[in-house]
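Have a look at run.csv; it's CSV, C-alpha atoms:
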```
chain,number,residue,atom,x,y,z
A,1,GLN,CA,96.8,142.3,-56.7
A,2,VAL,CA,95.6,140.1,-59.6
A,3,THR,CA,98.8,138.8,-61.1
A,4,GLY,CA,100.7,135.6,-61.9
A,5,TYR,CA,99.5,132.1,-62.6
A,6,LEU,CA,95.9,130.8,-62.4
A,7,ASP,CA,95.2,127.6,-60.4
A,8,ASP,CA,94.7,124.5,-62.5
A,9,CYS,CA,96.2,126.2,-65.5
A,10,THR,CA,99.6,126.8,-67.1
A,11,CYS,CA,98.5,130.3,-68.0
A,12,ASP,CA,99.1,133.6,-66.2
A,13,VAL,CA,97.1,136.8,-66.0
A,14,GLU,CA,99.6,139.0,-67.9
A,15,THR,CA,99.6,136.7,-71.0
A,16,ILE,CA,95.8,136.9,-71.1
A,17,ASP,CA,95.7,140.6,-70.7
A,18,ALA,CA,98.1,141.3,-73.5
A,19,PHE,CA,96.4,138.8,-75.9
A,20,ASN,CA,92.9,140.0,-75.2
A,21,ASN,CA,93.5,143.8,-75.0
A,22,TYR,CA,95.7,144.2,-78.0
A,23,LYS,CA,94.8,141.4,-80.3
A,24,LEU,CA,91.4,139.8,-79.7
A,25,PHE,CA,89.0,142.3,-78.1
A,26,PRO,CA,89.1,145.1,-80.8
A,27,ARG,CA,88.1,142.5,-83.5
A,28,LEU,CA,85.5,140.8,-81.3
A,29,ASN,CA,83.9,144.2,-80.4
A,30,GLU,CA,83.6,145.0,-84.1
A,31,LEU,CA,81.9,141.6,-84.7
A,32,LEU,CA,79.4,142.1,-81.8
A,33,GLU,CA,78.3,145.4,-83.2
A,34,SER,CA,77.3,143.7,-86.5
A,35,ASP,CA,73.6,143.0,-87.3
A,36,TYR,CA,73.9,139.2,-87.0
A,37,PHE,CA,75.2,139.4,-83.4
A,38,ARG,CA,73.3,142.3,-82.0
A,39,TYR,CA,69.8,140.8,-82.2
A,40,TYR,CA,69.1,138.1,-79.6
A,41,LYS,CA,65.7,136.3,-79.3
A,42,VAL,CA,64.6,135.8,-75.7
A,43,ASN,CA,61.5,135.0,-73.7
A,44,LEU,CA,61.5,137.3,-70.7
A,45,GLN,CA,58.0,136.3,-69.7
A,46,LYS,CA,58.8,132.7,-68.5
A,47,PRO,CA,57.7,132.1,-64.9
A,48,CYS,CA,60.2,131.2,-62.2
A,49,PRO,CA,60.2,127.4,-61.9
A,50,PHE,CA,61.7,127.3,-58.4
A,51,TRP,CA,59.6,129.6,-56.2
A,52,ASP,CA,56.4,131.6,-56.6
A,53,ASP,CA,57.5,135.1,-57.2
A,54,SER,CA,55.6,137.4,-59.5
A,55,ARG,CA,57.3,140.6,-58.3
A,56,HIS,CA,59.3,142.4,-60.9
A,57,CYS,CA,61.6,145.4,-60.6
A,58,GLY,CA,59.4,148.4,-61.3
A,59,MET,CA,62.3,150.8,-62.0
A,60,ARG,CA,62.5,152.3,-65.5
A,61,ASP,CA,66.1,151.0,-66.1
A,62,CYS,CA,65.0,147.4,-65.5
A,63,ALA,CA,62.9,147.5,-68.6
A,64,VAL,CA,64.1,146.2,-71.9
A,65,GLN,CA,63.5,148.9,-74.5
A,66,PRO,CA,61.8,148.3,-77.8
A,67,CYS,CA,63.5,149.3,-81.0
A,68,PRO,CA,61.9,150.9,-84.1
A,69,SER,CA,61.2,148.3,-86.8
A,70,ASP,CA,63.1,150.3,-89.5
A,71,GLU,CA,66.3,149.6,-87.5
A,72,VAL,CA,65.9,145.9,-87.9
A,73,PRO,CA,67.9,144.4,-90.8
A,74,ASP,CA,65.8,143.6,-93.9
A,75,GLY,CA,66.9,140.0,-93.8
A,76,ILE,CA,65.4,139.5,-90.3
A,77,ARG,CA,62.4,141.7,-90.9
A,78,SER,CA,61.2,140.6,-94.3
A,79,GLY,CA,61.9,136.9,-94.0
A,80,SER,CA,63.4,136.8,-97.5
A,81,TYR,CA,66.8,135.3,-96.6
A,82,LYS,CA,68.0,131.9,-95.5
A,83,TYR,CA,69.1,131.1,-92.0
A,84,SER,CA,72.7,130.1,-92.1
A,85,GLU,CA,73.9,127.0,-93.9
A,86,GLU,CA,73.2,124.0,-96.1
A,87,ALA,CA,73.8,121.9,-93.0
A,88,ASN,CA,70.5,123.2,-91.6
A,89,ASN,CA,68.7,122.6,-94.9
A,90,LEU,CA,68.9,126.4,-95.4
A,91,ALA,CA,66.0,126.8,-93.0
A,92,GLU,CA,64.7,130.3,-93.3
A,93,GLU,CA,65.6,133.1,-91.0
A,94,CYS,CA,62.3,134.9,-91.4
A,95,GLU,CA,61.6,136.8,-88.3
A,96,GLU,CA,59.3,139.7,-88.2
A,97,ALA,CA,60.8,141.8,-85.4
A,98,LYS,CA,58.4,144.7,-85.5
A,99,ARG,CA,58.8,145.6,-81.9
A,100,LEU,CA,62.1,144.6,-80.5
A,101,GLY,CA,62.1,144.5,-76.7
A,102,ALA,CA,58.4,144.1,-76.5
A,103,VAL,CA,56.3,140.9,-76.9
A,104,ASP,CA,55.6,140.5,-80.7
A,105,ASP,CA,52.4,138.5,-81.3
A,106,SER,CA,52.4,139.4,-85.0
A,107,LEU,CA,54.6,136.5,-86.1
A,108,SER,CA,53.3,135.0,-89.4
A,109,LYS,CA,52.5,131.3,-89.8
A,110,GLU,CA,55.6,131.0,-92.1
A,111,THR,CA,57.8,132.6,-89.4
A,112,ARG,CA,56.6,130.2,-86.7
A,113,GLN,CA,57.4,127.3,-89.1
A,114,ALA,CA,60.9,128.7,-89.8
A,115,VAL,CA,61.6,129.1,-86.1
A,116,LEU,CA,60.6,125.4,-85.5
A,117,GLN,CA,63.2,124.5,-88.2
A,118,TRP,CA,65.9,126.5,-86.4
A,119,THR,CA,65.8,124.1,-83.5
A,120,ARG,CA,65.5,120.9,-85.6
A,121,HIS,CA,69.0,119.6,-84.8
A,122,ASP,CA,69.2,120.9,-81.2
A,123,ASP,CA,69.7,117.8,-79.2
A,124,SER,CA,68.6,118.5,-75.6
A,125,SER,CA,70.6,115.6,-74.3
A,126,ASP,CA,73.8,117.5,-75.1
A,127,SER,CA,72.6,120.8,-74.0
A,128,PHE,CA,73.9,122.5,-70.9
A,129,CYS,CA,71.1,125.1,-70.9
A,130,GLU,CA,67.4,125.2,-70.6
A,131,ALA,CA,66.8,126.9,-74.0
A,132,ASP,CA,64.0,129.3,-74.5
A,133,ASP,CA,61.1,128.1,-76.6
A,134,ILE,CA,61.9,130.6,-79.4
A,135,HIS,CA,58.7,129.9,-81.3
A,136,SER,CA,56.6,130.9,-78.2
A,137,PRO,CA,54.5,134.1,-78.8
A,138,ASP,CA,56.3,135.5,-75.8
A,139,ALA,CA,59.8,135.2,-77.4
A,140,GLU,CA,61.0,138.6,-78.7
A,141,TYR,CA,64.0,140.0,-80.5
A,142,VAL,CA,66.1,142.4,-78.4
A,143,ASP,CA,68.8,144.7,-79.7
A,144,LEU,CA,71.7,144.1,-77.3
A,145,LEU,CA,73.4,147.4,-78.3
A,146,LEU,CA,70.3,149.4,-77.2
A,147,ASN,CA,69.9,147.4,-74.0
A,148,PRO,CA,73.4,147.3,-72.5
A,149,GLU,CA,74.4,145.4,-69.3
A,150,ARG,CA,74.6,148.0,-66.5
A,151,TYR,CA,73.5,148.8,-63.0
A,152,THR,CA,69.7,149.3,-63.0
A,153,GLY,CA,69.0,149.6,-59.2
A,154,TYR,CA,68.1,145.9,-58.9
A,155,LYS,CA,69.7,144.8,-55.6
A,156,GLY,CA,69.0,143.7,-52.1
A,157,PRO,CA,67.3,140.4,-50.9
A,158,ASP,CA,65.8,139.5,-54.3
A,159,ALA,CA,69.1,139.8,-56.2
A,160,TRP,CA,70.9,137.9,-53.4
A,161,LYS,CA,68.3,135.2,-53.4
A,162,ILE,CA,69.3,134.4,-57.0
A,163,TRP,CA,73.0,134.1,-56.3
A,164,ASN,CA,72.3,132.2,-53.1
A,165,SER,CA,70.3,129.6,-55.0
A,166,ILE,CA,73.0,129.3,-57.7
A,167,TYR,CA,75.9,128.8,-55.2
A,168,GLU,CA,74.1,126.8,-52.5
A,169,GLU,CA,72.2,124.4,-54.7
A,170,ASN,CA,74.3,124.1,-57.8
A,171,CYS,CA,78.0,124.3,-57.0
A,172,PHE,CA,78.7,120.8,-55.7
A,173,LYS,CA,78.9,122.2,-52.1
A,174,PRO,CA,79.7,119.6,-49.5
A,175,GLN,CA,76.8,119.1,-47.1
A,176,ASN,CA,78.9,119.9,-44.0
A,177,VAL,CA,80.0,123.3,-45.2
A,178,LYS,CA,77.9,126.1,-43.9
A,179,ARG,CA,78.0,129.2,-46.1
A,180,PRO,CA,75.2,131.7,-45.4
A,181,LEU,CA,75.2,134.4,-48.0
A,182,ALA,CA,74.4,137.7,-46.3
A,183,SER,CA,72.7,140.4,-48.3
A,184,GLY,CA,75.4,143.0,-47.6
A,185,ARG,CA,77.5,144.0,-50.6
A,186,GLY,CA,81.0,142.7,-50.5
A,187,GLU,CA,80.4,139.9,-48.0
A,188,SER,CA,83.2,137.4,-48.5
A,189,PHE,CA,82.6,133.8,-49.0
A,190,ILE,CA,85.2,132.9,-46.3
A,191,TYR,CA,83.8,129.3,-45.8
A,192,LEU,CA,84.6,128.4,-49.4
A,193,THR,CA,88.3,128.7,-49.7
A,194,LYS,CA,89.4,125.6,-47.8
A,195,TRP,CA,87.0,123.1,-49.5
A,196,VAL,CA,87.5,124.5,-53.0
A,197,SER,CA,91.2,123.4,-52.9
A,198,ARG,CA,90.2,119.9,-51.8
A,199,ILE,CA,87.5,118.9,-54.3
A,200,CYS,CA,88.3,117.3,-57.6
A,201,VAL,CA,89.3,119.4,-60.6
A,202,GLU,CA,85.9,119.1,-62.4
A,203,LYS,CA,83.9,120.3,-59.4
A,204,ARG,CA,86.4,123.0,-58.6
A,205,ALA,CA,86.2,124.2,-62.3
A,206,PHE,CA,82.4,124.3,-62.1
A,207,TYR,CA,82.5,126.5,-59.0
A,208,ARG,CA,85.2,128.7,-60.5
A,209,LEU,CA,83.1,129.2,-63.7
A,210,ILE,CA,80.1,130.3,-61.7
A,211,SER,CA,82.3,132.6,-59.6
A,212,GLY,CA,83.9,134.0,-62.7
A,213,LEU,CA,80.4,134.7,-64.2
A,214,HIS,CA,79.4,136.4,-61.0
A,215,ALA,CA,82.5,138.5,-61.1
A,216,SER,CA,82.0,139.5,-64.7
A,217,ILE,CA,78.4,140.7,-64.0
A,218,ASN,CA,79.5,142.6,-60.9
A,219,ILE,CA,82.3,144.3,-62.9
A,220,HIS,CA,79.9,145.5,-65.6
A,221,LEU,CA,77.5,146.8,-62.9
A,222,SER,CA,80.3,148.7,-61.2
A,223,ALA,CA,81.7,150.0,-64.5
A,224,ARG,CA,78.3,151.2,-65.8
A,225,TYR,CA,76.8,152.5,-62.6
A,226,LEU,CA,74.0,155.0,-62.5
A,227,LEU,CA,75.9,158.0,-61.1
A,228,GLN,CA,73.3,160.7,-61.8
A,229,ASP,CA,69.5,160.3,-62.2
A,230,THR,CA,67.7,163.6,-62.6
A,231,TRP,CA,64.7,164.6,-64.7
A,232,SER,CA,67.0,166.2,-67.3
A,233,GLU,CA,69.7,163.6,-67.5
A,234,LYS,CA,70.9,160.1,-66.6
A,235,LYS,CA,74.6,159.5,-66.3
A,236,TRP,CA,76.4,156.1,-66.1
A,237,GLY,CA,80.0,155.6,-65.3
A,238,PRO,CA,82.6,153.8,-63.2
A,239,ASN,CA,81.7,153.5,-59.5
A,240,ILE,CA,85.1,152.8,-57.8
A,241,THR,CA,83.5,152.3,-54.3
A,242,GLU,CA,81.1,149.6,-55.6
A,243,PHE,CA,84.0,147.8,-57.3
A,244,GLN,CA,86.2,147.9,-54.2
A,245,GLN,CA,83.4,146.5,-52.0
A,246,ARG,CA,83.2,143.5,-54.2
A,247,PHE,CA,86.8,142.9,-55.1
A,248,ASP,CA,89.2,144.8,-52.8
A,249,GLU,CA,91.5,142.3,-51.0
A,250,VAL,CA,91.1,143.9,-47.6
A,251,LEU,CA,87.4,144.6,-47.8
A,252,THR,CA,86.6,141.1,-49.0
A,253,ARG,CA,89.1,139.4,-46.6
A,254,GLY,CA,91.2,138.1,-49.4
A,255,GLU,CA,88.4,136.8,-51.5
A,256,GLY,CA,88.2,139.6,-54.1
A,257,PRO,CA,91.4,138.9,-56.1
A,258,ARG,CA,90.4,135.2,-56.1
A,259,ARG,CA,87.0,136.1,-57.7
A,260,LEU,CA,88.9,138.1,-60.4
A,261,LYS,CA,91.2,135.2,-61.1
A,262,ASN,CA,88.1,133.1,-61.6
A,263,LEU,CA,87.0,135.6,-64.2
A,264,TYR,CA,90.3,134.9,-66.1
A,265,PHE,CA,89.5,131.2,-65.7
A,266,LEU,CA,86.1,131.7,-67.3
A,267,TYR,CA,87.8,133.6,-70.1
A,268,LEU,CA,90.2,130.7,-70.7
A,269,ILE,CA,87.4,128.1,-70.9
A,270,GLU,CA,85.4,130.2,-73.4
A,271,LEU,CA,88.5,131.0,-75.4
A,272,ARG,CA,89.3,127.3,-75.6
A,273,ALA,CA,85.8,126.5,-76.8
A,274,LEU,CA,86.2,129.1,-79.6
A,275,SER,CA,89.5,127.5,-80.7
A,276,LYS,CA,87.8,124.1,-80.8
A,277,VAL,CA,84.7,125.1,-82.8
A,278,LEU,CA,86.6,126.5,-85.8
A,279,PRO,CA,85.7,123.5,-88.2
A,280,PHE,CA,82.0,124.2,-87.7
A,281,PHE,CA,82.3,127.8,-88.9
A,282,GLU,CA,85.0,127.2,-91.5
A,283,ARG,CA,82.8,125.2,-93.9
A,284,PRO,CA,81.9,127.1,-97.1
A,285,GLY,CA,78.2,126.4,-96.5
A,286,PHE,CA,78.1,128.3,-93.2
A,287,GLN,CA,77.0,131.9,-93.6
A,288,LEU,CA,75.9,134.7,-91.2
A,289,TYR,CA,72.8,135.7,-93.1
A,290,THR,CA,71.2,139.0,-92.4
A,291,GLY,CA,70.3,140.1,-95.9
A,292,ASN,CA,73.2,142.3,-96.6
A,293,LYS,CA,75.5,140.1,-98.8
A,294,ASN,CA,78.6,142.2,-98.5
A,295,GLN,CA,78.4,142.7,-94.8
A,296,ASP,CA,77.6,139.0,-94.3
A,297,ALA,CA,80.8,138.0,-96.2
A,298,ALA,CA,82.9,140.6,-94.3
A,299,MET,CA,81.5,139.4,-90.9
A,300,LYS,CA,82.2,135.7,-91.7
A,301,HIS,CA,85.8,136.7,-92.6
A,302,LEU,CA,86.1,138.6,-89.3
A,303,LEU,CA,84.6,135.7,-87.4
A,304,LEU,CA,87.1,133.2,-88.9
A,305,GLU,CA,90.0,135.7,-88.1
A,306,ILE,CA,88.9,135.7,-84.5
A,307,LEU,CA,88.6,132.0,-84.3
A,308,HIS,CA,92.1,131.5,-85.8
A,309,LEU,CA,93.4,134.0,-83.4
A,310,ALA,CA,91.8,132.1,-80.5
A,311,LYS,CA,93.4,128.9,-81.8
A,312,SER,CA,96.8,130.6,-81.8
A,313,PHE,CA,96.7,131.5,-78.1
A,314,PRO,CA,99.9,129.9,-76.7
A,315,LEU,CA,98.7,128.7,-73.2
A,316,HIS,CA,95.2,127.2,-73.6
A,317,PHE,CA,93.4,125.5,-70.8
A,318,ASP,CA,93.8,121.7,-71.1
A,319,GLU,CA,90.3,120.3,-70.9
A,320,ASN,CA,91.6,116.8,-71.2
A,321,SER,CA,92.1,116.9,-67.4
A,322,PHE,CA,88.3,116.9,-67.2
A,323,PHE,CA,86.6,113.5,-66.7
A,324,ALA,CA,89.9,111.7,-67.4
A,325,GLY,CA,89.5,109.0,-64.7
A,326,ASN,CA,87.4,105.9,-64.5
A,327,LYS,CA,85.0,105.9,-67.5
A,328,LYS,CA,81.9,105.1,-65.6
A,329,GLU,CA,82.6,107.7,-62.9
A,330,ALA,CA,83.6,110.2,-65.5
A,331,ALA,CA,80.3,109.7,-67.4
A,332,LYS,CA,78.3,110.1,-64.2
A,333,LEU,CA,80.2,113.3,-63.2
A,334,LYS,CA,79.8,114.8,-66.7
A,335,GLU,CA,76.0,114.3,-66.5
A,336,GLU,CA,75.9,115.8,-63.0
A,337,PHE,CA,77.9,118.7,-64.3
A,338,ARG,CA,75.5,119.2,-67.2
A,339,LEU,CA,72.4,119.0,-65.0
A,340,HIS,CA,73.8,121.4,-62.4
A,341,PHE,CA,74.4,123.9,-65.2
A,342,LYS,CA,71.0,123.4,-66.7
A,343,ASN,CA,69.5,124.2,-63.3
A,344,ILE,CA,71.4,127.5,-63.2
A,345,SER,CA,70.1,128.5,-66.6
A,346,LYS,CA,66.6,127.9,-65.3
A,347,ILE,CA,67.2,130.1,-62.2
A,348,MET,CA,67.8,133.1,-64.6
A,349,ASP,CA,64.0,133.1,-65.2
A,350,CYS,CA,63.6,134.1,-61.5
A,351,VAL,CA,65.5,137.3,-61.9
A,352,GLY,CA,63.1,140.2,-61.2
A,353,CYS,CA,64.8,142.8,-63.4
A,354,PHE,CA,64.2,142.2,-67.1
A,355,LYS,CA,67.4,143.8,-68.2
A,356,CYS,CA,69.4,141.7,-65.7
A,357,ARG,CA,67.4,138.6,-66.8
A,358,LEU,CA,68.2,139.3,-70.4
A,359,TRP,CA,72.0,139.4,-69.8
A,360,GLY,CA,71.9,136.6,-67.2
A,361,LYS,CA,70.1,134.3,-69.7
A,362,LEU,CA,72.4,135.3,-72.6
A,363,GLN,CA,75.6,134.8,-70.5
A,364,THR,CA,74.5,131.4,-69.1
A,365,GLN,CA,73.5,130.2,-72.6
A,366,GLY,CA,76.9,131.4,-73.9
A,367,LEU,CA,78.8,129.5,-71.2
A,368,GLY,CA,76.5,126.5,-71.7
A,369,THR,CA,77.3,126.6,-75.4
A,370,ALA,CA,81.1,126.8,-74.6
A,371,LEU,CA,80.7,123.7,-72.4
A,372,LYS,CA,78.7,121.8,-75.1
A,373,ILE,CA,81.6,122.5,-77.6
A,374,LEU,CA,84.3,121.3,-75.2
A,375,PHE,CA,82.4,118.1,-74.6
A,376,SER,CA,81.7,117.5,-78.3
A,377,GLU,CA,85.3,117.6,-79.5
A,378,ASN,CA,85.1,114.2,-81.3
A,379,LEU,CA,81.9,115.2,-83.1
A,380,ILE,CA,83.4,118.5,-84.2
A,381,GLU,CA,86.5,116.7,-85.6
A,382,ARG,CA,84.2,114.5,-87.8
A,383,ILE,CA,82.3,117.4,-89.3
A,384,PRO,CA,82.5,117.1,-93.2
A,385,GLU,CA,83.6,120.1,-95.2
A,386,SER,CA,80.3,120.2,-97.0
A,387,GLY,CA,76.9,118.8,-96.4
A,388,PRO,CA,75.0,118.3,-93.1
A,389,SER,CA,76.8,118.2,-89.8
A,390,TYR,CA,74.1,116.3,-87.9
A,391,GLY,CA,76.5,115.0,-85.2
A,392,PHE,CA,77.2,118.6,-83.9
A,393,GLN,CA,75.0,121.6,-84.5
A,394,LEU,CA,74.7,125.1,-83.1
A,395,THR,CA,71.5,127.1,-83.4
A,396,ARG,CA,71.7,130.8,-84.2
A,397,GLN,CA,70.7,131.5,-80.6
A,398,GLU,CA,73.7,129.6,-79.3
A,399,ILE,CA,76.0,131.3,-81.8
A,400,VAL,CA,74.8,134.8,-80.8
A,401,ALA,CA,75.0,133.9,-77.0
A,402,LEU,CA,78.4,132.3,-77.3
A,403,PHE,CA,80.1,135.3,-78.8
A,404,ASN,CA,78.3,137.9,-76.7
A,405,ALA,CA,79.0,136.1,-73.5
A,406,PHE,CA,82.7,135.9,-74.4
A,407,GLY,CA,82.5,139.6,-75.3
A,408,ARG,CA,81.3,140.3,-71.8
```

Could you show the structure in this file as structure tokens?
Amino acid sequence: QVTGYLDDCTCDVETIDAFNNYKLFPRLNELLESDYFRYYKVNLQKPCPFWDDSRHCGMRDCAVQPCPSDEVPDGIRSGSYKYSEEANNLAEECEEAKRLGAVDDSLSKETRQAVLQWTRHDDSSDSFCEADDIHSPDAEYVDLLLNPERYTGYKGPDAWKIWNSIYEENCFKPQNVKRPLASGRGESFIYLTKWVSRICVEKRAFYRLISGLHASINIHLSARYLLQDTWSEKKWGPNITEFQQRFDEVLTRGEGPRRLKNLYFLYLIELRALSKVLPFFERPGFQLYTGNKNQDAAMKHLLLEILHLAKSFPLHFDENSFFAGNKKEAAKLKEEFRLHFKNISKIMDCVGCFKCRLWGKLQTQGLGTALKILFSENLIERIPESGPSYGFQLTRQEIVALFNAFGR
């Protein structure tokens, strides 16, 4: 049912499938299993900024599991290695991650100083995300491989309240369109279809990115569903019924395949960002420091191979169609686009399940980083081969989020 060309693109589903499954994904998967990309620092304790809700999912599988300190790479644990590059004045990556997945209040003074340096060049005016304050005592390192994205039992009104807020308040929805989201699974968004085709390409793209992100999360929950939960064993696996209720053409009144096509659209946008950011990572001064010199060199080589592969994709999305009209209108729309997305990143702090919150925050930060790259093309083109790149900068957080979100 999901086949052929994607709206607003010259690309088709089959080309993406072949490129991703046989060329890109095996390499990307290897990269994401490396030490640099598996540890993500996140603050899961931030209060919800939009409504008063202190309720959290009490189920065991909603928790983010701590990791033994001896599994943390020396470069992260001991603080004896540099962060990433001359361009960041070789600010130190000296994180003591003694208890990954749990609040670590044992950070040394030097560590806090280094974390402050990490964000030195992060310009909030270009940011599409509300970034975590990573030098907060509540920020913690989490091993993403030990805390996979999967179904935890978090569902019902609380989960729907999150998506309802995202769609209703942040998707450029015309005031005259009524679109109540029911809490039943598989409810189709039948009111959306007509107006989506009528709005301008930028607003339509924004909606499709959020729909694609929603589809991605739902696919992972369906693919890694808790099928058996007994005292002796837990078993996760594909739940076909769950998948059909969300995506089957008949059960969703034609909306399911459209949601899946929006996932392909999201893929194209993030792939395009990877192809554009190559000059930032290609500089000799940029390194993926973890403390293991040989592995760091091998992972940078693999990273560049992936980025060159992304660049070679034959049917990229043409982002030049974005904001191409009247300059004043375009600037206003771009800022609206950025603020809408920033709002969505804040909503992730309202998710009651910590594991869902972790992956929601990571994927919105990854998509926000992709958008930041696409809107910074002129700055990226001017990056010198050596020395500082003050015009355009990515923090380690953004790098880890960008590649893990694309991996999802």

| said: Within 8 Å of (70.4, 154.9, -58.9) (file coordinates; all atoms listed in the file), which protein or nucleic acid residues are there? I'd like them as a ChimeraX atom specification. | reply: /A:151-153,225-229

| query | How far is it from atom CA of Leu302 of chain A to atom CA of Leu367 of chain A, in Å with one decimal? | reply | 21.5 Å

| field | Nearest-residue call for His316 of chain A, choices A:Ala273, A:Leu339, A:Ile219, A:Val2, using only C-alpha atoms | value |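 Of A:Ala273, A:Leu339, A:Ile219, A:Val2, the one nearest His316 of chain A, counting only C-alpha atoms, is A:Ala273.
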
| field | Computed interatomic separation between atom CA of Arg338 of chain A and atom CA of Cys129 of chain A (Å) | value |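 About the pair atom CA of Arg338 of chain A and atom CA of Cys129 of chain A: they are 8.2 Å apart.
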
| query | What is the atom CA of Gln244 of chain A-atom CA of Ala18 of chain A distance in Å, reported with one decimal? | reply | 23.6 Å

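Of the residues listed (A:Ala139, A:Ile269, A:Leu278, A:Ala298), A:Ile269 shows the shortest atom-to-atom separation from Gly368 of chain A; distances use only C-alpha atoms.
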
| note | Judged by all atoms listed in the file, the minimum distance to Glu270 of chain A among A:Glu149, A:Glu319, A:Asp12, A:Glu140 is found for A:Glu319

| task | Give me the residues within 8 Å of Ile383 of chain A as a VMD selection string, counting all atoms listed in the file and dropping any in the same chain fewer than 6 places off. | result | chain A and resid 279 to 280 389 391 to 392

| Using only C-alpha atoms, which residue out of A:Leu44, A:Lys276, A:Gly212, A:Leu263 lies closest to His308 of chain A? |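 Smallest distance to His308 of chain A is found for A:Lys276.
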
| request: Neighbourhood query: residues within 12 Å of (91.0, 141.2, -79.6), file coordinates, counting all atoms listed in the file; return as a list in words. | output: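 Selection result: Ile16, Asp17, Ala18, Phe19, Asn20, Asn21, Tyr22, Lys23, Leu24, Phe25, Pro26, Arg27, Leu28, Asn29, Glu30, Leu31, Leu32, Leu271, Leu302, Leu303, Glu305, Ile306, Leu307, His308, Leu309, Ala310, Phe313, Phe406 and Gly407 of chain A.
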
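Proximity of A:Leu274, A:Ile162, A:Leu315, A:Leu209 to Met348 of chain A, computed with all atoms listed in the file, is greatest for A:Ile162.
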
Regenerate segment 293-309 of chain A at the level of N, CA and C atoms and dump it as a compact mmCIF listing (two decimals), in the frame of the given file.
```txt
# COMPACT_ATOMS: atom_id res chain seq x y z
N LYS A 293 74.49 141.14 -98.28
CA LYS A 293 75.50 140.10 -98.80
C LYS A 293 76.90 140.55 -98.48
N ASN A 294 77.24 141.80 -98.74
CA ASN A 294 78.60 142.20 -98.50
C ASN A 294 79.01 142.22 -97.08
N GLN A 295 78.10 142.72 -96.23
CA GLN A 295 78.40 142.70 -94.80
C GLN A 295 78.46 141.30 -94.24
N ASP A 296 77.60 140.44 -94.73
CA ASP A 296 77.60 139.00 -94.30
C ASP A 296 78.95 138.38 -94.57
N ALA A 297 79.46 138.62 -95.78
CA ALA A 297 80.80 138.00 -96.20
C ALA A 297 81.89 138.62 -95.32
N ALA A 298 81.83 139.92 -95.08
CA ALA A 298 82.90 140.60 -94.30
C ALA A 298 82.85 140.07 -92.84
N MET A 299 81.64 139.86 -92.31
CA MET A 299 81.50 139.40 -90.90
C MET A 299 81.98 137.94 -90.77
N LYS A 300 81.72 137.13 -91.79
CA LYS A 300 82.20 135.70 -91.70
C LYS A 300 83.75 135.74 -91.73
N HIS A 301 84.32 136.60 -92.57
CA HIS A 301 85.80 136.70 -92.60
C HIS A 301 86.35 137.13 -91.27
N LEU A 302 85.69 138.13 -90.65
CA LEU A 302 86.10 138.60 -89.30
C LEU A 302 85.96 137.51 -88.27
N LEU A 303 84.84 136.78 -88.35
CA LEU A 303 84.60 135.70 -87.40
C LEU A 303 85.69 134.64 -87.48
N LEU A 304 86.06 134.24 -88.69
CA LEU A 304 87.10 133.20 -88.90
C LEU A 304 88.47 133.77 -88.38
N GLU A 305 88.70 135.06 -88.61
CA GLU A 305 90.00 135.70 -88.10
C GLU A 305 90.03 135.57 -86.59
N ILE A 306 88.91 135.83 -85.93
CA ILE A 306 88.90 135.70 -84.50
C ILE A 306 89.08 134.31 -83.99
N LEU A 307 88.46 133.35 -84.68
CA LEU A 307 88.60 132.00 -84.30
C LEU A 307 90.02 131.44 -84.50
N HIS A 308 90.65 131.84 -85.60
CA HIS A 308 92.10 131.50 -85.80
C HIS A 308 92.96 132.09 -84.79
N LEU A 309 92.64 133.34 -84.43
CA LEU A 309 93.40 134.00 -83.40
C LEU A 309 93.26 133.28 -82.05
```
